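Down below is the structure, laid out as structure tokens.
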2 protein chains.
Amino acid sequence: MSYSIGEVADKLAISPYTLRYYDKEGLLPFVDRNAAGRRRFKDNDFNFLEVIICLKEAGVPVKQIGHFIDLCMTGDATLQDRYDFLADHETKLEANMARLQHTLDFLRWKKWYYKTALQAGTERIHYLPGTNQVDPAVHATFNQLVADGASPKTLGNLD
Amino acid sequence: MSYSIGEVADKLAISPYTLRYYDKEGLLPFVDRNAAGRRRFKDNDFNFLEVIICLKEAGVPVKQIGHFIDLCMTGDATLQDRYDFLADHETKLEANMARLQHTLDFLRWKKWYYKTALQAGTERIHYLPGTNQVDPAVHATFNQLVADGASPKTLGNLD
DNA sequence: ATATAATCTAGAGTTAACTCTAAGTCAAGC
DNA sequence: GCTTGACTTAGAGTTAACTCTAGATTATAT
């Protein structure tokens with residue numbers, strides 16, 4: 001079974017432009033061509049494409065993905081390098097996800113901040129008396145609610 | 001207490017170039033200037049900067065952050081809009097994190113794939129006999145190990 | 001047989017988010 | 001008083017990852 005660039009583009013929800021760009025950058029050296037010079041993707045090529053998409057999602061730059069594909073084409077001598085590459089990006093992705101969790105926590109606290117302001121009809125309830133400055137104790141209040149068992153995910157919901 | 005652009009840059013680990021760029025894009029309308037036209041950041045400005053950094057981490061484009069700051073400057077009439085904005089990006093961030101979790105799962109399975117190939121000395125152990133195609137059953141084998149209670153996080157570790 | 005649609009390449013254009021340069025102003029230390 | 005370093009603006013340059021155009025070729029459907 002073989003597939004044209006358009007069929008692969010549809011299957012993977014990636015434009016043919018992008019696939020050709022990846023090819024130009026050396027990400028698709030495994031793709032065969034027919035007599036007319038057109039790309040013919042094999043079933044096994046999807047194993048490579050899956051990895052390419054995974055690495056892209058993980059935030060790995062195209063050039064580095066190209067390096068990984070180079071290692072793949074070289075053979076068994078590079079198994080350790082390929083393992084190390086994936087282990088490295090696993091670590092980086094874990095760190096990135098931890099960072100995003102903090103970002104999400106902050107977004108939820110701010111949502112609660114606006115929920116309470118909305119219920120009071122004004123943001124002034126969060127200001128230090130007689131100023132336009134946010135009272136630092138407001139964040140502490142939110143943290144206390146969470147510490148007391150409230151769910152940070154739902155605490156800011158209006159319902 | 002007030003701070004120069006350099007002091008703020010140091011505190012937030014953002015370059016002065018970037019801070020000026022954010023100002024140019026309308027993200028810092030709240031920053032005062034001294035008689036000489038130099039930016040003087042107030043303590044309360046860090047509340048805005050915290051939100052800006054949070055939204056950036058969440059992947060919100062600079063233009064949209066500018067829109068949120070506009071809402072902030074308009075006053076209590078926009079509290080609902082600001083709440084909706086944060087709730088929307090909370091949802092998007094949750095979806096993004098779920099996507100990254102799938103990416104991480106895939107990265108771990110591939111790490112295990114290379115660990116086992118490395119232990120066998122060749123990637124051929126994962127190929128269908130007499131071919132260069134990966135046996136689809138290999139992924140199923142990994143999934144079975146996880147279903148049987150193994151930790152996907154450590155299954156691919158070499159140790 | 002012919003029109004339409006898909007593909008090819010080389011190379012130009014786009015977008016976002018910086019990042020820096022140039023030329024000038026201002027503040028602090030000696 | 002003078003030098004050094006931080007700051008100002010406008011605008012140019014950079015980078016990554018596409019995204020598209022032009023002109024040619026090939027495959028598909030009537």
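Identifiers in the structure tokens: chain A, B, ... in order shown; residue index from 1 per chain; ligand index from 1 in order shown.
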
*Any chance you could list, as JSON, numbers by chain, the residues in segment 34-113 of chain B that come up helix (DSSP H, G or I) when DSSP is run on the backbone?*
{"B": [45, 46, 47, 48, 49, 50, 51, 52, 53, 54, 55, 56, 57, 62, 63, 64, 65, 66, 67, 68, 69, 70, 71, 72, 73, 74, 76, 77, 78, 79, 80, 81, 82, 83, 84, 85, 86, 87, 88, 89, 90, 91, 92, 93, 94, 95, 96, 97, 98, 99, 100, 101, 102, 103, 104, 105, 106, 107, 108, 109, 110, 111, 112, 113]}

How close does each residue of chain A get to chain B, giving the shortest atom pair and distance in Å to one decimal for every residue with an atom at most 6 Å away, counting only C-alpha atoms, sorted by chain and residue number, as a tab-separated table?
residue	atom	partner	partner_atom	distance
A:Asn44	CA	B:Gln133	CA	5.6
A:Cys54	CA	B:Thr103	CA	5.6
A:Asp76	CA	B:Thr122	CA	5.5
A:Tyr83	CA	B:Tyr114	CA	5.6
A:Thr103	CA	B:Cys54	CA	5.6
A:Lys111	CA	B:Tyr83	CA	5.9
A:Tyr114	CA	B:Tyr83	CA	5.6
A:Thr122	CA	B:Asp76	CA	5.5
A:Gln133	CA	B:Asn44	CA	5.6

Next, the residues of the selection above should be written as a tab-separated table (two decimals), in the first residue's frame with all heavy atoms.
chain	number	residue	atom	x	y	z
A	44	ASN	N	5.01	1.80	6.42
A	44	ASN	CA	6.01	1.93	7.48
A	44	ASN	C	6.45	3.37	7.71
A	44	ASN	O	6.88	3.73	8.80
A	44	ASN	CB	7.23	1.06	7.16
A	44	ASN	CG	8.12	0.85	8.38
A	44	ASN	OD1	7.65	0.42	9.43
A	44	ASN	ND2	9.40	1.20	8.25
A	54	CYS	N	5.17	13.70	17.02
A	54	CYS	CA	5.35	13.68	18.47
A	54	CYS	C	6.41	14.67	18.91
A	54	CYS	O	6.21	15.46	19.83
A	54	CYS	CB	5.72	12.26	18.91
A	54	CYS	SG	6.39	12.14	20.58
A	76	ASP	N	21.85	0.61	13.46
A	76	ASP	CA	21.96	0.18	14.85
A	76	ASP	C	23.07	0.87	15.65
A	76	ASP	O	23.01	0.93	16.88
A	76	ASP	CB	22.16	-1.34	14.90
A	76	ASP	CG	20.88	-2.10	14.57
A	76	ASP	OD1	19.79	-1.50	14.73
A	76	ASP	OD2	20.96	-3.27	14.16
A	83	TYR	N	18.19	6.81	21.83
A	83	TYR	CA	17.62	6.67	23.18
A	83	TYR	C	17.88	7.94	23.99
A	83	TYR	O	16.97	8.49	24.61
A	83	TYR	CB	18.24	5.46	23.89
A	83	TYR	CG	17.73	5.28	25.30
A	83	TYR	CD1	16.59	4.54	25.56
A	83	TYR	CD2	18.37	5.91	26.38
A	83	TYR	CE1	16.10	4.40	26.85
A	83	TYR	CE2	17.88	5.79	27.67
A	83	TYR	CZ	16.75	5.03	27.90
A	83	TYR	OH	16.27	4.92	29.17
A	103	THR	N	1.36	27.74	35.58
A	103	THR	CA	0.63	28.75	34.81
A	103	THR	C	-0.87	28.56	34.99
A	103	THR	O	-1.61	29.52	35.19
A	103	THR	CB	1.02	28.63	33.32
A	103	THR	OG1	2.42	28.85	33.20
A	103	THR	CG2	0.27	29.65	32.48
A	111	LYS	N	-8.86	33.87	37.93
A	111	LYS	CA	-10.27	33.67	37.59
A	111	LYS	C	-11.12	33.88	38.85
A	111	LYS	O	-12.15	34.55	38.81
A	111	LYS	CB	-10.47	32.26	37.03
A	111	LYS	CG	-11.50	32.17	35.93
A	111	LYS	CD	-11.65	30.76	35.37
A	111	LYS	CE	-12.57	29.90	36.18
A	111	LYS	NZ	-12.86	28.60	35.55
A	114	TYR	N	-11.45	37.52	39.66
A	114	TYR	CA	-12.47	38.22	38.88
A	114	TYR	C	-13.87	37.75	39.22
A	114	TYR	O	-14.83	38.51	39.15
A	114	TYR	CB	-12.19	38.09	37.38
A	114	TYR	CG	-11.09	39.04	36.95
A	114	TYR	CD1	-9.89	38.59	36.45
A	114	TYR	CD2	-11.26	40.42	37.08
A	114	TYR	CE1	-8.87	39.48	36.08
A	114	TYR	CE2	-10.27	41.31	36.73
A	114	TYR	CZ	-9.07	40.84	36.23
A	114	TYR	OH	-8.09	41.72	35.90
A	122	THR	N	-17.43	45.26	41.71
A	122	THR	CA	-16.26	46.13	41.51
A	122	THR	C	-14.95	45.45	41.91
A	122	THR	O	-14.94	44.63	42.86
A	122	THR	CB	-16.38	47.45	42.30
A	122	THR	OG1	-15.18	48.20	42.13
A	122	THR	CG2	-16.61	47.17	43.77
A	133	GLN	N	-4.15	49.87	44.51
A	133	GLN	CA	-3.22	48.75	44.52
A	133	GLN	C	-3.87	47.50	45.08
A	133	GLN	O	-4.59	47.55	46.08
A	133	GLN	CB	-2.01	49.10	45.40
A	133	GLN	CG	-1.15	50.21	44.83
A	133	GLN	CD	-0.23	50.78	45.90
A	133	GLN	OE1	0.39	50.04	46.64
A	133	GLN	NE2	-0.17	52.10	45.97

Which residues of chain D sit at most 9 Å from chain B, using only C-alpha atoms (C1' of nucleotides)? Give each one's shortest atom pair and distance in Å (one decimal place), in chain and ascending residue order, as a tab-separated table.
residue	atom	partner	partner_atom	distance
D:DA6	C1'	B:Gly6	CA	8.0
D:DC7	C1'	B:Arg38	CA	6.7
D:DT8	C1'	B:Arg38	CA	7.1

*What does the distance from atom CA of Trp109 of chain A to atom CA of Gln144 of chain A come to in Å, to one decimal?*
11.5 Å

Within 12 Å of chain C, which residues of chain B show up? Give each one with its shortest atom-to-atom distance in Å (one decimal) and the two atoms involved, counting only C-alpha atoms (C1' of nucleotides), rows by chain then rising residue number, as CSV.
residue,atom,partner,partner_atom,distance
B:Ile14,CA,C:DC18,C1',11.1
B:Ser15,CA,C:DT19,C1',9.5
B:Pro16,CA,C:DT19,C1',10.3
B:Tyr17,CA,C:DT19,C1',7.0
B:Thr18,CA,C:DC18,C1',6.7
B:Leu19,CA,C:DC18,C1',10.3
B:Arg20,CA,C:DC18,C1',10.6
B:Tyr21,CA,C:DC18,C1',7.9
B:Tyr22,CA,C:DA17,C1',9.9
B:Glu25,CA,C:DA17,C1',11.0
B:Asn34,CA,C:DC26,C1',11.3
B:Ala35,CA,C:DC26,C1',10.5
B:Ala36,CA,C:DC26,C1',7.3
B:Gly37,CA,C:DT25,C1',9.7
B:Arg38,CA,C:DC26,C1',9.3
B:Lys56,CA,C:DA17,C1',11.0
B:Gly59,CA,C:DA16,C1',11.9
B:Val60,CA,C:DA16,C1',11.5
B:Pro61,CA,C:DA16,C1',8.2
B:Val62,CA,C:DA17,C1',8.3
B:Lys63,CA,C:DA16,C1',10.0

Please write the residues from the selection above to a file, keeping N, CA and C atoms, as a PDB file, in the first residue's frame.
ATOM      1  N   ILE B  14      13.553  39.089  31.940  1.00  0.00           N
ATOM      2  CA  ILE B  14      13.096  39.471  30.595  1.00  0.00           C
ATOM      3  C   ILE B  14      14.015  40.598  30.159  1.00  0.00           C
ATOM      4  N   SER B  15      14.445  40.639  28.899  1.00  0.00           N
ATOM      5  CA  SER B  15      15.361  41.692  28.486  1.00  0.00           C
ATOM      6  C   SER B  15      14.634  43.037  28.381  1.00  0.00           C
ATOM      7  N   PRO B  16      15.367  44.148  28.595  1.00  0.00           N
ATOM      8  CA  PRO B  16      14.762  45.479  28.424  1.00  0.00           C
ATOM      9  C   PRO B  16      14.183  45.643  27.005  1.00  0.00           C
ATOM     10  N   TYR B  17      14.842  45.042  26.015  1.00  0.00           N
ATOM     11  CA  TYR B  17      14.337  45.071  24.637  1.00  0.00           C
ATOM     12  C   TYR B  17      12.901  44.531  24.585  1.00  0.00           C
ATOM     13  N   THR B  18      12.738  43.396  25.227  1.00  0.00           N
ATOM     14  CA  THR B  18      11.424  42.740  25.208  1.00  0.00           C
ATOM     15  C   THR B  18      10.389  43.589  25.936  1.00  0.00           C
ATOM     16  N   LEU B  19      10.779  44.163  27.074  1.00  0.00           N
ATOM     17  CA  LEU B  19       9.837  45.020  27.811  1.00  0.00           C
ATOM     18  C   LEU B  19       9.416  46.216  26.959  1.00  0.00           C
ATOM     19  N   ARG B  20      10.367  46.821  26.245  1.00  0.00           N
ATOM     20  CA  ARG B  20      10.016  47.954  25.375  1.00  0.00           C
ATOM     21  C   ARG B  20       9.119  47.506  24.235  1.00  0.00           C
ATOM     22  N   TYR B  21       9.404  46.298  23.729  1.00  0.00           N
ATOM     23  CA  TYR B  21       8.565  45.735  22.666  1.00  0.00           C
ATOM     24  C   TYR B  21       7.132  45.541  23.181  1.00  0.00           C
ATOM     25  N   TYR B  22       6.993  45.020  24.401  1.00  0.00           N
ATOM     26  CA  TYR B  22       5.665  44.846  24.981  1.00  0.00           C
ATOM     27  C   TYR B  22       4.972  46.199  25.140  1.00  0.00           C
ATOM     28  N   GLU B  25       3.663  47.384  21.917  1.00  0.00           N
ATOM     29  CA  GLU B  25       2.478  46.604  21.532  1.00  0.00           C
ATOM     30  C   GLU B  25       1.277  46.875  22.433  1.00  0.00           C
ATOM     31  N   ASN B  34       9.101  59.350  34.219  1.00  0.00           N
ATOM     32  CA  ASN B  34       9.595  60.484  34.999  1.00  0.00           C
ATOM     33  C   ASN B  34       9.718  61.716  34.090  1.00  0.00           C
ATOM     34  N   ALA B  35      10.229  62.809  34.656  1.00  0.00           N
ATOM     35  CA  ALA B  35      10.286  64.073  33.909  1.00  0.00           C
ATOM     36  C   ALA B  35      11.101  63.933  32.623  1.00  0.00           C
ATOM     37  N   ALA B  36      12.101  63.020  32.637  1.00  0.00           N
ATOM     38  CA  ALA B  36      12.971  62.842  31.471  1.00  0.00           C
ATOM     39  C   ALA B  36      12.387  61.852  30.462  1.00  0.00           C
ATOM     40  N   GLY B  37      11.197  61.304  30.728  1.00  0.00           N
ATOM     41  CA  GLY B  37      10.572  60.384  29.794  1.00  0.00           C
ATOM     42  C   GLY B  37      10.961  58.933  30.026  1.00  0.00           C
ATOM     43  N   ARG B  38      11.652  58.671  31.138  1.00  0.00           N
ATOM     44  CA  ARG B  38      12.061  57.282  31.412  1.00  0.00           C
ATOM     45  C   ARG B  38      10.974  56.539  32.170  1.00  0.00           C
ATOM     46  N   LYS B  56       1.514  34.757  28.587  1.00  0.00           N
ATOM     47  CA  LYS B  56       2.539  34.380  27.608  1.00  0.00           C
ATOM     48  C   LYS B  56       2.873  32.897  27.741  1.00  0.00           C
ATOM     49  N   GLY B  59       0.631  30.590  26.274  1.00  0.00           N
ATOM     50  CA  GLY B  59       0.633  30.553  24.816  1.00  0.00           C
ATOM     51  C   GLY B  59      -0.285  31.575  24.171  1.00  0.00           C
ATOM     52  N   VAL B  60      -0.733  32.567  24.942  1.00  0.00           N
ATOM     53  CA  VAL B  60      -1.615  33.607  24.397  1.00  0.00           C
ATOM     54  C   VAL B  60      -0.765  34.596  23.594  1.00  0.00           C
ATOM     55  N   PRO B  61      -1.150  34.903  22.333  1.00  0.00           N
ATOM     56  CA  PRO B  61      -0.389  35.852  21.527  1.00  0.00           C
ATOM     57  C   PRO B  61      -0.374  37.249  22.152  1.00  0.00           C
ATOM     58  N   VAL B  62       0.715  37.963  21.893  1.00  0.00           N
ATOM     59  CA  VAL B  62       0.916  39.299  22.462  1.00  0.00           C
ATOM     60  C   VAL B  62      -0.278  40.216  22.181  1.00  0.00           C
ATOM     61  N   LYS B  63      -0.828  40.161  20.981  1.00  0.00           N
ATOM     62  CA  LYS B  63      -1.960  41.031  20.627  1.00  0.00           C
ATOM     63  C   LYS B  63      -3.163  40.792  21.531  1.00  0.00           C
TER      64      LYS B  63
END

*Near Phe46 of chain B, counting only C-alpha atoms (C1' of nucleotides), which residues have an atom at most 12 Å away, once you skip same-chain residues fewer than 6 positions from it, shown as a PyMOL selection string?*
(chain A and resi 133-134+136) or (chain B and resi 1-3+8-9+11-12+28+30-31+40+52-54)

Now that the selection is made, can you save its residues with N, CA and C atoms as a compact mmCIF listing (two decimals), in the first residue's frame?
# COMPACT_ATOMS: atom_id res chain seq x y z
N GLN A 133 -4.15 49.87 44.51
CA GLN A 133 -3.22 48.75 44.52
C GLN A 133 -3.87 47.50 45.08
N VAL A 134 -3.59 46.38 44.43
CA VAL A 134 -4.17 45.12 44.87
C VAL A 134 -3.57 44.72 46.22
N PRO A 136 -2.04 42.41 48.68
CA PRO A 136 -1.33 41.12 48.54
C PRO A 136 -2.02 40.00 49.32
N MET B 1 7.95 52.97 46.23
CA MET B 1 9.09 52.31 45.56
C MET B 1 8.85 52.24 44.05
N SER B 2 9.88 52.68 43.27
CA SER B 2 9.74 52.56 41.82
C SER B 2 11.01 51.98 41.20
N TYR B 3 10.89 51.44 40.00
CA TYR B 3 11.97 50.65 39.40
C TYR B 3 12.21 51.06 37.95
N VAL B 8 13.55 46.02 36.47
CA VAL B 8 12.42 45.11 36.21
C VAL B 8 12.87 43.94 35.35
N ALA B 9 13.70 44.26 34.34
CA ALA B 9 14.22 43.22 33.46
C ALA B 9 14.97 42.16 34.26
N LYS B 11 14.67 41.51 37.53
CA LYS B 11 13.74 40.82 38.44
C LYS B 11 12.96 39.73 37.71
N LEU B 12 12.52 40.02 36.48
CA LEU B 12 11.63 39.11 35.77
C LEU B 12 12.36 38.22 34.76
N LEU B 28 1.84 47.67 28.24
CA LEU B 28 2.25 48.34 29.49
C LEU B 28 1.76 49.79 29.59
N PHE B 30 0.11 51.10 31.80
CA PHE B 30 0.04 51.51 33.20
C PHE B 30 1.37 52.03 33.74
N VAL B 31 2.44 51.89 32.95
CA VAL B 31 3.77 52.31 33.44
C VAL B 31 3.93 53.82 33.34
N ARG B 40 9.14 54.39 34.82
CA ARG B 40 9.25 54.10 36.24
C ARG B 40 8.15 53.11 36.60
N ILE B 52 0.70 39.21 32.58
CA ILE B 52 1.25 39.19 31.22
C ILE B 52 2.13 37.96 31.02
N ILE B 53 3.01 37.71 31.99
CA ILE B 53 3.91 36.56 31.90
C ILE B 53 3.12 35.25 31.93
N CYS B 54 2.13 35.19 32.79
CA CYS B 54 1.27 34.00 32.86
C CYS B 54 0.60 33.73 31.53

_Backbone-only DSSP, strand (DSSP E or B) members of chain B, as a PyMOL selection string_ = chain B and resi 2-3+32-33+39-42+127+134

Writer output for current selection, C-alpha atoms, as a JSON list (two decimals), in the first residue's frame:
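Final output, again.json:
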[["chain", "number", "residue", "atom", "x", "y", "z"],
["B", 2, "SER", "CA", 9.74, 52.56, 41.82],
["B", 3, "TYR", "CA", 11.97, 50.65, 39.40],
["B", 32, "ASP", "CA", 4.56, 55.88, 34.51],
["B", 33, "ARG", "CA", 7.36, 58.07, 33.12],
["B", 39, "ARG", "CA", 9.83, 54.42, 32.51],
["B", 40, "ARG", "CA", 9.25, 54.10, 36.24],
["B", 41, "PHE", "CA", 7.56, 50.84, 37.26],
["B", 42, "LYS", "CA", 5.48, 50.86, 40.46],
["B", 127, "TYR", "CA", 10.69, -5.70, 12.66],
["B", 134, "VAL", "CA", 8.11, -2.30, 12.51]]
